[in-house]
Amino acid sequence: GAVVSQHPSRVICKSGTSVKIECRSLDFQATTMFWYRQFPKQSLMLMATSNEGSKATYEQGVEKDKFLINHASLTLSTLTVTSAHPEDSSFYICSARDPRQPTDTQYFGPGTRLTVL
Amino acid sequence: GENVEQHPSTLSVQEGDSAVIKCTYSDSASNYFPWYKQELGKRPQLIIDIRSNVGEKKDQRIAVTLNKTAKHFSLHITETQPEDSAVYFCAASGGDSSYKLIFGSGTRLLVRP
C-alpha cells in the first residue's frame, strides 16, 4: 500500500505554546488528506479534511482557529495546535487518499502523541 | 450525517476459533466499507474493504460481508491466531463527495493461546 509519514512521533509541550505536526505522502500525490484525533481506548474522530490548495473543511465542534491546517503541496499537510492546553493531549493521526487506488482508499500515518503539560 | 455502530466492544476467543464483528451504518448512500486493525500505539492498518457493488469479499482467513438492504456489514476472521489480537475498527464512506471515513467505536479482540 501507499506510504504516509508523520512527524514528530511524540511531542511534549508547555501549556499555551503551539505545536506543528506534519503529514507527508511519500510515494504518491495526495490531493486530500484527513486529520483525526484518538483518545485512549477510543475510536478515531475525524477533525478535518485537508484539500490541497484550498481551505480545510472542519467537522462540527472542531475549532478551526485552534487547529490550523495547511495543505500547501500535494505531498504535505500540516496541523498546528495553537495555544495548547492539557485537554488537547491526544494521539493525532493523519491519513491520505491515494488517487491511484479505487476512490475511497485511505492510508494512515504512524500518528503523533501530543502531551501538553 | 453518517453514523456507524460497532459490536461487540470486546471479544475473547480461543486460538483456532472464528471471530465475527458487526457494524451498522445509517447513510444509505455510503458505498465503501473498510476494516482497520490497530495495535497499541500504532497506526490503523487496512486489512480488507468492500464496495457496495459486491456482497462478500475474502482474503485468506479474513472475509467481509455486506447487506446493503439492512445497512450492515461484518468482519469474519477464521482460524484465529494470537497475533490477531488487536483493536478492529469498521468505517463507512461515500455518502457524499468528501471521501471522509466515519469510524465505528472499535472492537478489542483477544485471542487466547
# chains A, B, ... in the order shown; residues from 1 in each chain; ligands from 1
>>> interface_residues(of="chain B", to="chain A", cutoff="9 Å", atoms="only C-alpha atoms", output="ChimeraX atom specification")
/B:32,34,41-46,49,89,93-94,98-106
>>> write_last_selection(atoms="N, CA, C and O atoms", output="PDB file, in the first residue's frame")
ATOM      1  N   TYR B  32     -18.599   2.506   0.505  1.00  0.00           N
ATOM      2  CA  TYR B  32     -17.269   1.951   0.741  1.00  0.00           C
ATOM      3  C   TYR B  32     -17.109   1.641   2.217  1.00  0.00           C
ATOM      4  O   TYR B  32     -17.377   2.498   3.068  1.00  0.00           O
ATOM      5  N   PRO B  34     -14.364  -0.058   4.748  1.00  0.00           N
ATOM      6  CA  PRO B  34     -13.083  -0.679   5.090  1.00  0.00           C
ATOM      7  C   PRO B  34     -13.051  -1.158   6.536  1.00  0.00           C
ATOM      8  O   PRO B  34     -13.807  -0.686   7.386  1.00  0.00           O
ATOM      9  N   GLY B  41      -0.732   1.828  20.195  1.00  0.00           N
ATOM     10  CA  GLY B  41       0.232   2.871  19.865  1.00  0.00           C
ATOM     11  C   GLY B  41       0.640   2.943  18.403  1.00  0.00           C
ATOM     12  O   GLY B  41       1.527   3.722  18.053  1.00  0.00           O
ATOM     13  N   LYS B  42      -0.010   2.130  17.573  1.00  0.00           N
ATOM     14  CA  LYS B  42       0.377   2.087  16.165  1.00  0.00           C
ATOM     15  C   LYS B  42      -0.721   2.691  15.276  1.00  0.00           C
ATOM     16  O   LYS B  42      -1.805   3.011  15.729  1.00  0.00           O
ATOM     17  N   ARG B  43      -0.388   2.798  14.013  1.00  0.00           N
ATOM     18  CA  ARG B  43      -1.361   3.329  13.058  1.00  0.00           C
ATOM     19  C   ARG B  43      -2.384   2.264  12.694  1.00  0.00           C
ATOM     20  O   ARG B  43      -2.088   1.072  12.749  1.00  0.00           O
ATOM     21  N   PRO B  44      -3.597   2.673  12.313  1.00  0.00           N
ATOM     22  CA  PRO B  44      -4.571   1.703  11.794  1.00  0.00           C
ATOM     23  C   PRO B  44      -4.065   1.151  10.461  1.00  0.00           C
ATOM     24  O   PRO B  44      -3.583   1.895   9.608  1.00  0.00           O
ATOM     25  N   GLN B  45      -4.191  -0.153  10.299  1.00  0.00           N
ATOM     26  CA  GLN B  45      -3.767  -0.825   9.069  1.00  0.00           C
ATOM     27  C   GLN B  45      -4.992  -1.368   8.363  1.00  0.00           C
ATOM     28  O   GLN B  45      -5.778  -2.106   8.969  1.00  0.00           O
ATOM     29  N   LEU B  46      -5.141  -1.028   7.106  1.00  0.00           N
ATOM     30  CA  LEU B  46      -6.260  -1.548   6.313  1.00  0.00           C
ATOM     31  C   LEU B  46      -6.081  -3.052   6.118  1.00  0.00           C
ATOM     32  O   LEU B  46      -5.041  -3.499   5.638  1.00  0.00           O
ATOM     33  N   ASP B  49     -11.447  -4.389   2.590  1.00  0.00           N
ATOM     34  CA  ASP B  49     -12.505  -3.427   2.344  1.00  0.00           C
ATOM     35  C   ASP B  49     -13.485  -4.004   1.331  1.00  0.00           C
ATOM     36  O   ASP B  49     -13.184  -4.980   0.636  1.00  0.00           O
ATOM     37  N   PHE B  89     -11.450  -1.695  13.770  1.00  0.00           N
ATOM     38  CA  PHE B  89     -12.412  -0.633  13.504  1.00  0.00           C
ATOM     39  C   PHE B  89     -13.056  -0.838  12.139  1.00  0.00           C
ATOM     40  O   PHE B  89     -12.360  -1.099  11.149  1.00  0.00           O
ATOM     41  N   SER B  93     -17.950   5.141   4.168  1.00  0.00           N
ATOM     42  CA  SER B  93     -17.630   6.347   3.397  1.00  0.00           C
ATOM     43  C   SER B  93     -18.435   6.385   2.122  1.00  0.00           C
ATOM     44  O   SER B  93     -18.979   5.370   1.689  1.00  0.00           O
ATOM     45  N   GLY B  94     -18.465   7.545   1.512  1.00  0.00           N
ATOM     46  CA  GLY B  94     -19.010   7.642   0.172  1.00  0.00           C
ATOM     47  C   GLY B  94     -20.407   8.192   0.092  1.00  0.00           C
ATOM     48  O   GLY B  94     -20.967   8.329  -0.984  1.00  0.00           O
ATOM     49  N   SER B  98     -17.022  13.771  -0.237  1.00  0.00           N
ATOM     50  CA  SER B  98     -15.867  14.195   0.545  1.00  0.00           C
ATOM     51  C   SER B  98     -14.830  13.103   0.769  1.00  0.00           C
ATOM     52  O   SER B  98     -13.727  13.387   1.196  1.00  0.00           O
ATOM     53  N   TYR B  99     -15.168  11.844   0.535  1.00  0.00           N
ATOM     54  CA  TYR B  99     -14.294  10.686   0.753  1.00  0.00           C
ATOM     55  C   TYR B  99     -13.977  10.447   2.223  1.00  0.00           C
ATOM     56  O   TYR B  99     -13.173   9.584   2.551  1.00  0.00           O
ATOM     57  N   LYS B 100     -14.556  11.180   3.132  1.00  0.00           N
ATOM     58  CA  LYS B 100     -14.186  11.010   4.531  1.00  0.00           C
ATOM     59  C   LYS B 100     -14.760   9.716   5.093  1.00  0.00           C
ATOM     60  O   LYS B 100     -15.824   9.259   4.692  1.00  0.00           O
ATOM     61  N   LEU B 101     -14.010   9.149   6.055  1.00  0.00           N
ATOM     62  CA  LEU B 101     -14.411   7.920   6.709  1.00  0.00           C
ATOM     63  C   LEU B 101     -15.010   8.231   8.074  1.00  0.00           C
ATOM     64  O   LEU B 101     -14.468   9.041   8.821  1.00  0.00           O
ATOM     65  N   ILE B 102     -16.117   7.580   8.369  1.00  0.00           N
ATOM     66  CA  ILE B 102     -16.700   7.647   9.696  1.00  0.00           C
ATOM     67  C   ILE B 102     -16.486   6.288  10.338  1.00  0.00           C
ATOM     68  O   ILE B 102     -16.893   5.257   9.784  1.00  0.00           O
ATOM     69  N   PHE B 103     -15.846   6.283  11.511  1.00  0.00           N
ATOM     70  CA  PHE B 103     -15.427   5.042  12.149  1.00  0.00           C
ATOM     71  C   PHE B 103     -16.432   4.559  13.190  1.00  0.00           C
ATOM     72  O   PHE B 103     -17.105   5.352  13.847  1.00  0.00           O
ATOM     73  N   GLY B 104     -16.479   3.251  13.330  1.00  0.00           N
ATOM     74  CA  GLY B 104     -17.174   2.648  14.452  1.00  0.00           C
ATOM     75  C   GLY B 104     -16.337   2.804  15.709  1.00  0.00           C
ATOM     76  O   GLY B 104     -15.211   3.286  15.675  1.00  0.00           O
ATOM     77  N   SER B 105     -16.902   2.360  16.813  1.00  0.00           N
ATOM     78  CA  SER B 105     -16.272   2.574  18.124  1.00  0.00           C
ATOM     79  C   SER B 105     -15.142   1.599  18.430  1.00  0.00           C
ATOM     80  O   SER B 105     -14.413   1.788  19.401  1.00  0.00           O
ATOM     81  N   GLY B 106     -14.990   0.575  17.617  1.00  0.00           N
ATOM     82  CA  GLY B 106     -13.877  -0.345  17.808  1.00  0.00           C
ATOM     83  C   GLY B 106     -14.248  -1.596  18.579  1.00  0.00           C
ATOM     84  O   GLY B 106     -15.139  -1.585  19.434  1.00  0.00           O
TER      85      GLY B 106
END
>>> residues_around(residues="Glu2 in chain B", least_positions_apart="2", cutoff="9 Å", atoms="only C-alpha atoms", output="PyMOL selection string")
chain B and resi 4+25-28+30+92-93+95+102
>>> write_last_selection(atoms="N, CA, C and O atoms", output="PDB file, in the first residue's frame")
ATOM      1  N   VAL B   4     -21.931   5.237  12.440  1.00  0.00           N
ATOM      2  CA  VAL B   4     -21.556   3.830  12.361  1.00  0.00           C
ATOM      3  C   VAL B   4     -21.515   3.249  13.766  1.00  0.00           C
ATOM      4  O   VAL B   4     -20.848   3.802  14.646  1.00  0.00           O
ATOM      5  N   TYR B  25     -24.618   0.962   9.615  1.00  0.00           N
ATOM      6  CA  TYR B  25     -24.434   2.340   9.220  1.00  0.00           C
ATOM      7  C   TYR B  25     -25.779   2.976   8.913  1.00  0.00           C
ATOM      8  O   TYR B  25     -26.774   2.280   8.705  1.00  0.00           O
ATOM      9  N   SER B  26     -25.806   4.296   8.891  1.00  0.00           N
ATOM     10  CA  SER B  26     -27.100   4.972   8.774  1.00  0.00           C
ATOM     11  C   SER B  26     -27.359   5.570   7.392  1.00  0.00           C
ATOM     12  O   SER B  26     -28.521   5.672   6.977  1.00  0.00           O
ATOM     13  N   ASP B  27     -26.299   5.945   6.685  1.00  0.00           N
ATOM     14  CA  ASP B  27     -26.468   6.634   5.403  1.00  0.00           C
ATOM     15  C   ASP B  27     -26.538   5.617   4.264  1.00  0.00           C
ATOM     16  O   ASP B  27     -25.535   4.984   3.927  1.00  0.00           O
ATOM     17  N   SER B  28     -27.687   5.487   3.680  1.00  0.00           N
ATOM     18  CA  SER B  28     -27.874   4.500   2.614  1.00  0.00           C
ATOM     19  C   SER B  28     -27.047   4.812   1.372  1.00  0.00           C
ATOM     20  O   SER B  28     -26.857   3.959   0.515  1.00  0.00           O
ATOM     21  N   SER B  30     -23.841   5.542   1.485  1.00  0.00           N
ATOM     22  CA  SER B  30     -22.465   5.077   1.684  1.00  0.00           C
ATOM     23  C   SER B  30     -22.189   3.882   0.794  1.00  0.00           C
ATOM     24  O   SER B  30     -23.047   3.009   0.620  1.00  0.00           O
ATOM     25  N   ALA B  92     -17.255   3.656   7.317  1.00  0.00           N
ATOM     26  CA  ALA B  92     -18.109   3.807   6.148  1.00  0.00           C
ATOM     27  C   ALA B  92     -17.801   5.138   5.476  1.00  0.00           C
ATOM     28  O   ALA B  92     -17.437   6.114   6.137  1.00  0.00           O
ATOM     29  N   SER B  93     -17.950   5.141   4.168  1.00  0.00           N
ATOM     30  CA  SER B  93     -17.630   6.347   3.397  1.00  0.00           C
ATOM     31  C   SER B  93     -18.435   6.385   2.122  1.00  0.00           C
ATOM     32  O   SER B  93     -18.979   5.370   1.689  1.00  0.00           O
ATOM     33  N   GLY B  95     -20.986   8.548   1.239  1.00  0.00           N
ATOM     34  CA  GLY B  95     -22.325   9.098   1.210  1.00  0.00           C
ATOM     35  C   GLY B  95     -22.386  10.459   0.535  1.00  0.00           C
ATOM     36  O   GLY B  95     -23.423  10.869   0.017  1.00  0.00           O
ATOM     37  N   ILE B 102     -16.117   7.580   8.369  1.00  0.00           N
ATOM     38  CA  ILE B 102     -16.700   7.647   9.696  1.00  0.00           C
ATOM     39  C   ILE B 102     -16.486   6.288  10.338  1.00  0.00           C
ATOM     40  O   ILE B 102     -16.893   5.257   9.784  1.00  0.00           O
TER      41      ILE B 102
END
>>> residues_around(residues="Asp59 in chain B", least_positions_apart="2", cutoff="12 Å", atoms="only C-alpha atoms", output="MDAnalysis selection string")
chainID B and resid 47:50 56:57 61:65 75:78
>>> write_last_selection(atoms="N, CA and C atoms", output="PDB file, in the first residue's frame")
ATOM      1  N   ILE B  47      -7.079  -3.833   6.504  1.00  0.00           N
ATOM      2  CA  ILE B  47      -6.962  -5.283   6.353  1.00  0.00           C
ATOM      3  C   ILE B  47      -7.863  -5.823   5.255  1.00  0.00           C
ATOM      4  N   ILE B  48      -8.979  -5.180   5.034  1.00  0.00           N
ATOM      5  CA  ILE B  48      -9.872  -5.594   3.960  1.00  0.00           C
ATOM      6  C   ILE B  48     -10.910  -4.500   3.769  1.00  0.00           C
ATOM      7  N   ASP B  49     -11.447  -4.389   2.590  1.00  0.00           N
ATOM      8  CA  ASP B  49     -12.505  -3.427   2.344  1.00  0.00           C
ATOM      9  C   ASP B  49     -13.485  -4.004   1.331  1.00  0.00           C
ATOM     10  N   ILE B  50     -14.642  -3.400   1.285  1.00  0.00           N
ATOM     11  CA  ILE B  50     -15.668  -3.873   0.350  1.00  0.00           C
ATOM     12  C   ILE B  50     -16.434  -2.673  -0.167  1.00  0.00           C
ATOM     13  N   GLU B  56     -19.766  -9.870  -0.779  1.00  0.00           N
ATOM     14  CA  GLU B  56     -18.797 -10.566   0.058  1.00  0.00           C
ATOM     15  C   GLU B  56     -17.420 -10.485  -0.589  1.00  0.00           C
ATOM     16  N   LYS B  57     -16.415 -10.428   0.269  1.00  0.00           N
ATOM     17  CA  LYS B  57     -15.032 -10.421  -0.209  1.00  0.00           C
ATOM     18  C   LYS B  57     -14.186 -11.196   0.777  1.00  0.00           C
ATOM     19  N   ARG B  61      -7.729 -15.726   5.594  1.00  0.00           N
ATOM     20  CA  ARG B  61      -8.544 -16.003   6.779  1.00  0.00           C
ATOM     21  C   ARG B  61      -9.569 -14.909   7.087  1.00  0.00           C
ATOM     22  N   ILE B  62      -9.555 -13.863   6.307  1.00  0.00           N
ATOM     23  CA  ILE B  62     -10.414 -12.714   6.590  1.00  0.00           C
ATOM     24  C   ILE B  62     -11.469 -12.568   5.504  1.00  0.00           C
ATOM     25  N   ALA B  63     -12.683 -12.291   5.915  1.00  0.00           N
ATOM     26  CA  ALA B  63     -13.758 -12.063   4.955  1.00  0.00           C
ATOM     27  C   ALA B  63     -14.649 -10.936   5.476  1.00  0.00           C
ATOM     28  N   VAL B  64     -15.273 -10.244   4.551  1.00  0.00           N
ATOM     29  CA  VAL B  64     -16.235  -9.206   4.916  1.00  0.00           C
ATOM     30  C   VAL B  64     -17.498  -9.454   4.111  1.00  0.00           C
ATOM     31  N   THR B  65     -18.638  -9.299   4.772  1.00  0.00           N
ATOM     32  CA  THR B  65     -19.924  -9.419   4.110  1.00  0.00           C
ATOM     33  C   THR B  65     -20.681  -8.105   4.243  1.00  0.00           C
ATOM     34  N   LEU B  75     -17.174  -8.387   9.743  1.00  0.00           N
ATOM     35  CA  LEU B  75     -15.820  -8.916   9.546  1.00  0.00           C
ATOM     36  C   LEU B  75     -15.771 -10.314  10.143  1.00  0.00           C
ATOM     37  N   HIS B  76     -15.249 -11.251   9.370  1.00  0.00           N
ATOM     38  CA  HIS B  76     -15.120 -12.629   9.829  1.00  0.00           C
ATOM     39  C   HIS B  76     -13.647 -13.019   9.781  1.00  0.00           C
ATOM     40  N   ILE B  77     -13.124 -13.464  10.912  1.00  0.00           N
ATOM     41  CA  ILE B  77     -11.753 -13.970  10.958  1.00  0.00           C
ATOM     42  C   ILE B  77     -11.820 -15.435  11.355  1.00  0.00           C
ATOM     43  N   THR B  78     -11.302 -16.294  10.502  1.00  0.00           N
ATOM     44  CA  THR B  78     -11.299 -17.729  10.808  1.00  0.00           C
ATOM     45  C   THR B  78      -9.920 -18.156  11.292  1.00  0.00           C
TER      46      THR B  78
END
>>> select_by_dssp(residues="range 42-94 of chain A", states="strand (DSSP E)", output="ChimeraX atom specification")
/A:45-51,57-58,67-73,76-81,90-94
>>> atom_distance(atom1="CA of Val4 in chain A", atom2="CA of Arg51 in chain B")
23.2 Å
>>> residues_around(residues="range 70-77 of chain A", least_positions_apart="2", cutoff="10 Å", atoms="only C-alpha atoms", output="PDB file with C-alpha atoms, in the first residue's frame")
ATOM      1  CA  VAL A   4       2.296   8.077   4.728  1.00  0.00           C
ATOM      2  CA  SER A   5       4.708   9.534   7.252  1.00  0.00           C
ATOM      3  CA  GLN A   6       4.131  11.819  10.175  1.00  0.00           C
ATOM      4  CA  ILE A  21       2.552  18.224  13.112  1.00  0.00           C
ATOM      5  CA  GLU A  22       3.497  17.253   9.575  1.00  0.00           C
ATOM      6  CA  CYS A  23       1.881  14.606   7.400  1.00  0.00           C
ATOM      7  CA  ARG A  24       3.561  13.514   4.181  1.00  0.00           C
ATOM      8  CA  SER A  25       2.631  11.160   1.395  1.00  0.00           C
ATOM      9  CA  LEU A  26       5.926   9.584   0.364  1.00  0.00           C
ATOM     10  CA  ASP A  27       5.202   7.781  -2.874  1.00  0.00           C
ATOM     11  CA  PHE A  28       2.118   9.438  -4.238  1.00  0.00           C
ATOM     12  CA  GLN A  29       0.484  12.818  -4.559  1.00  0.00           C
ATOM     13  CA  ALA A  30      -2.375  13.258  -2.138  1.00  0.00           C
ATOM     14  CA  THR A  31      -4.937  15.843  -3.139  1.00  0.00           C
ATOM     15  CA  THR A  32      -6.905  15.041   0.001  1.00  0.00           C
ATOM     16  CA  MET A  33      -5.640  14.321   3.498  1.00  0.00           C
ATOM     17  CA  PHE A  34      -7.543  13.849   6.722  1.00  0.00           C
ATOM     18  CA  TRP A  35      -6.738  14.620  10.351  1.00  0.00           C
ATOM     19  CA  THR A  49     -10.458  17.278   5.637  1.00  0.00           C
ATOM     20  CA  SER A  50      -7.428  18.944   4.109  1.00  0.00           C
ATOM     21  CA  ASN A  51      -7.587  19.731   0.403  1.00  0.00           C
ATOM     22  CA  GLU A  52      -4.514  20.842  -1.499  1.00  0.00           C
ATOM     23  CA  GLY A  53      -4.737  24.485  -2.480  1.00  0.00           C
ATOM     24  CA  SER A  54      -7.946  25.255  -0.615  1.00  0.00           C
ATOM     25  CA  LYS A  55      -9.217  25.742   2.900  1.00  0.00           C
ATOM     26  CA  ALA A  56      -9.727  22.765   5.129  1.00  0.00           C
ATOM     27  CA  PHE A  67      -6.425  23.561  14.896  1.00  0.00           C
ATOM     28  CA  LEU A  68      -4.850  25.242  11.889  1.00  0.00           C
ATOM     29  CA  LEU A  79      -1.762  20.564  11.631  1.00  0.00           C
ATOM     30  CA  THR A  80      -0.891  23.269  14.120  1.00  0.00           C
ATOM     31  CA  CYS A  94      -3.376  11.799   9.516  1.00  0.00           C
ATOM     32  CA  SER A  95      -4.452   9.811   6.513  1.00  0.00           C
ATOM     33  CA  ALA A  96      -4.178  10.376   2.808  1.00  0.00           C
TER      34      ALA A  96
END
>>> closest_residue(among="B:Ser97, B:Phe73, B:Asn53, B:Pro82", to="Asn31 in chain B", atoms="only C-alpha atoms")
B:Asn53
>>> residues_around(residues="Leu109 in chain B", least_positions_apart="5", cutoff="9 Å", atoms="only C-alpha atoms", output="list in words")
Ser9, Thr10, Leu11, Ser12, Val13, Ala19, Asp84, Ser85, Ala86, Val87 and Tyr88 of chain B
>>> residues_around(residues="Thr17 in chain A", least_positions_apart="2", cutoff="9 Å", atoms="only C-alpha atoms", output="MDAnalysis selection string")
chainID A and resid 13:15 19 81:85 116
>>> write_last_selection(atoms="all heavy atoms", output="PDB file, in the first residue's frame")
ATOM      1  N   CYS A  13       4.859  19.518  25.204  1.00  0.00           N
ATOM      2  CA  CYS A  13       4.976  20.973  25.187  1.00  0.00           C
ATOM      3  C   CYS A  13       4.302  21.565  26.423  1.00  0.00           C
ATOM      4  O   CYS A  13       3.540  20.887  27.115  1.00  0.00           O
ATOM      5  CB  CYS A  13       4.356  21.547  23.925  1.00  0.00           C
ATOM      6  SG  CYS A  13       2.565  21.415  23.847  1.00  0.00           S
ATOM      7  N   LYS A  14       4.609  22.811  26.658  1.00  0.00           N
ATOM      8  CA  LYS A  14       4.012  23.509  27.788  1.00  0.00           C
ATOM      9  C   LYS A  14       2.676  24.116  27.382  1.00  0.00           C
ATOM     10  O   LYS A  14       2.470  24.471  26.207  1.00  0.00           O
ATOM     11  CB  LYS A  14       4.941  24.610  28.282  1.00  0.00           C
ATOM     12  CG  LYS A  14       6.226  24.091  28.907  1.00  0.00           C
ATOM     13  CD  LYS A  14       7.074  25.251  29.412  1.00  0.00           C
ATOM     14  CE  LYS A  14       8.354  24.748  30.081  1.00  0.00           C
ATOM     15  NZ  LYS A  14       9.181  25.855  30.589  1.00  0.00           N
ATOM     16  N   SER A  15       1.805  24.244  28.326  1.00  0.00           N
ATOM     17  CA  SER A  15       0.502  24.844  28.076  1.00  0.00           C
ATOM     18  C   SER A  15       0.678  26.254  27.528  1.00  0.00           C
ATOM     19  O   SER A  15       1.520  27.030  28.011  1.00  0.00           O
ATOM     20  CB  SER A  15      -0.291  24.877  29.388  1.00  0.00           C
ATOM     21  OG  SER A  15      -1.604  25.308  29.168  1.00  0.00           O
ATOM     22  N   VAL A  19       2.066  23.796  18.594  1.00  0.00           N
ATOM     23  CA  VAL A  19       2.769  22.614  18.103  1.00  0.00           C
ATOM     24  C   VAL A  19       2.351  22.336  16.670  1.00  0.00           C
ATOM     25  O   VAL A  19       1.155  22.328  16.370  1.00  0.00           O
ATOM     26  CB  VAL A  19       2.440  21.383  18.978  1.00  0.00           C
ATOM     27  CG1 VAL A  19       3.051  20.120  18.392  1.00  0.00           C
ATOM     28  CG2 VAL A  19       2.911  21.609  20.402  1.00  0.00           C
ATOM     29  N   VAL A  81      -1.537  22.910  16.409  1.00  0.00           N
ATOM     30  CA  VAL A  81      -2.385  23.052  17.589  1.00  0.00           C
ATOM     31  C   VAL A  81      -1.932  24.334  18.280  1.00  0.00           C
ATOM     32  O   VAL A  81      -0.797  24.411  18.782  1.00  0.00           O
ATOM     33  CB  VAL A  81      -2.245  21.848  18.532  1.00  0.00           C
ATOM     34  CG1 VAL A  81      -3.185  22.000  19.726  1.00  0.00           C
ATOM     35  CG2 VAL A  81      -2.521  20.543  17.787  1.00  0.00           C
ATOM     36  N   THR A  82      -2.759  25.344  18.247  1.00  0.00           N
ATOM     37  CA  THR A  82      -2.378  26.639  18.808  1.00  0.00           C
ATOM     38  C   THR A  82      -2.815  26.752  20.265  1.00  0.00           C
ATOM     39  O   THR A  82      -3.830  26.188  20.667  1.00  0.00           O
ATOM     40  CB  THR A  82      -3.007  27.781  18.003  1.00  0.00           C
ATOM     41  OG1 THR A  82      -4.439  27.691  18.105  1.00  0.00           O
ATOM     42  CG2 THR A  82      -2.606  27.707  16.535  1.00  0.00           C
ATOM     43  N   SER A  83      -2.001  27.471  21.039  1.00  0.00           N
ATOM     44  CA  SER A  83      -2.303  27.682  22.447  1.00  0.00           C
ATOM     45  C   SER A  83      -2.764  26.376  23.102  1.00  0.00           C
ATOM     46  O   SER A  83      -3.886  26.273  23.617  1.00  0.00           O
ATOM     47  CB  SER A  83      -3.379  28.762  22.597  1.00  0.00           C
ATOM     48  OG  SER A  83      -3.569  29.090  23.955  1.00  0.00           O
ATOM     49  N   ALA A  84      -1.900  25.404  23.047  1.00  0.00           N
ATOM     50  CA  ALA A  84      -2.262  24.054  23.509  1.00  0.00           C
ATOM     51  C   ALA A  84      -2.554  24.036  25.004  1.00  0.00           C
ATOM     52  O   ALA A  84      -1.925  24.751  25.794  1.00  0.00           O
ATOM     53  CB  ALA A  84      -1.136  23.084  23.179  1.00  0.00           C
ATOM     54  N   HIS A  85      -3.511  23.208  25.383  1.00  0.00           N
ATOM     55  CA  HIS A  85      -3.875  23.011  26.779  1.00  0.00           C
ATOM     56  C   HIS A  85      -3.843  21.519  27.083  1.00  0.00           C
ATOM     57  O   HIS A  85      -3.892  20.685  26.160  1.00  0.00           O
ATOM     58  CB  HIS A  85      -5.262  23.586  27.049  1.00  0.00           C
ATOM     59  CG  HIS A  85      -5.299  25.076  26.996  1.00  0.00           C
ATOM     60  ND1 HIS A  85      -4.798  25.877  28.009  1.00  0.00           N
ATOM     61  CD2 HIS A  85      -5.758  25.923  26.044  1.00  0.00           C
ATOM     62  CE1 HIS A  85      -4.949  27.145  27.682  1.00  0.00           C
ATOM     63  NE2 HIS A  85      -5.528  27.206  26.491  1.00  0.00           N
ATOM     64  N   VAL A 116       0.512  17.753  26.568  1.00  0.00           N
ATOM     65  CA  VAL A 116       0.595  19.158  26.959  1.00  0.00           C
ATOM     66  C   VAL A 116       0.656  19.233  28.478  1.00  0.00           C
ATOM     67  O   VAL A 116      -0.251  18.741  29.170  1.00  0.00           O
ATOM     68  CB  VAL A 116      -0.603  19.957  26.431  1.00  0.00           C
ATOM     69  CG1 VAL A 116      -0.432  21.439  26.762  1.00  0.00           C
ATOM     70  CG2 VAL A 116      -0.768  19.767  24.923  1.00  0.00           C
TER      71      VAL A 116
END
>>> residues_around(residues="His72 in chain B", least_positions_apart="4", cutoff="6 Å", atoms="only C-alpha atoms", output="list in words")
Cys23, Thr24 and Asn67 of chain B
>>> atom_distance(atom1="CA of Thr69 in chain B", atom2="CA of Gly55 in chain B")
10.8 Å
>>> atom_distance(atom1="CA of Ile21 in chain B", atom2="CA of Pro8 in chain B")
6.6 Å
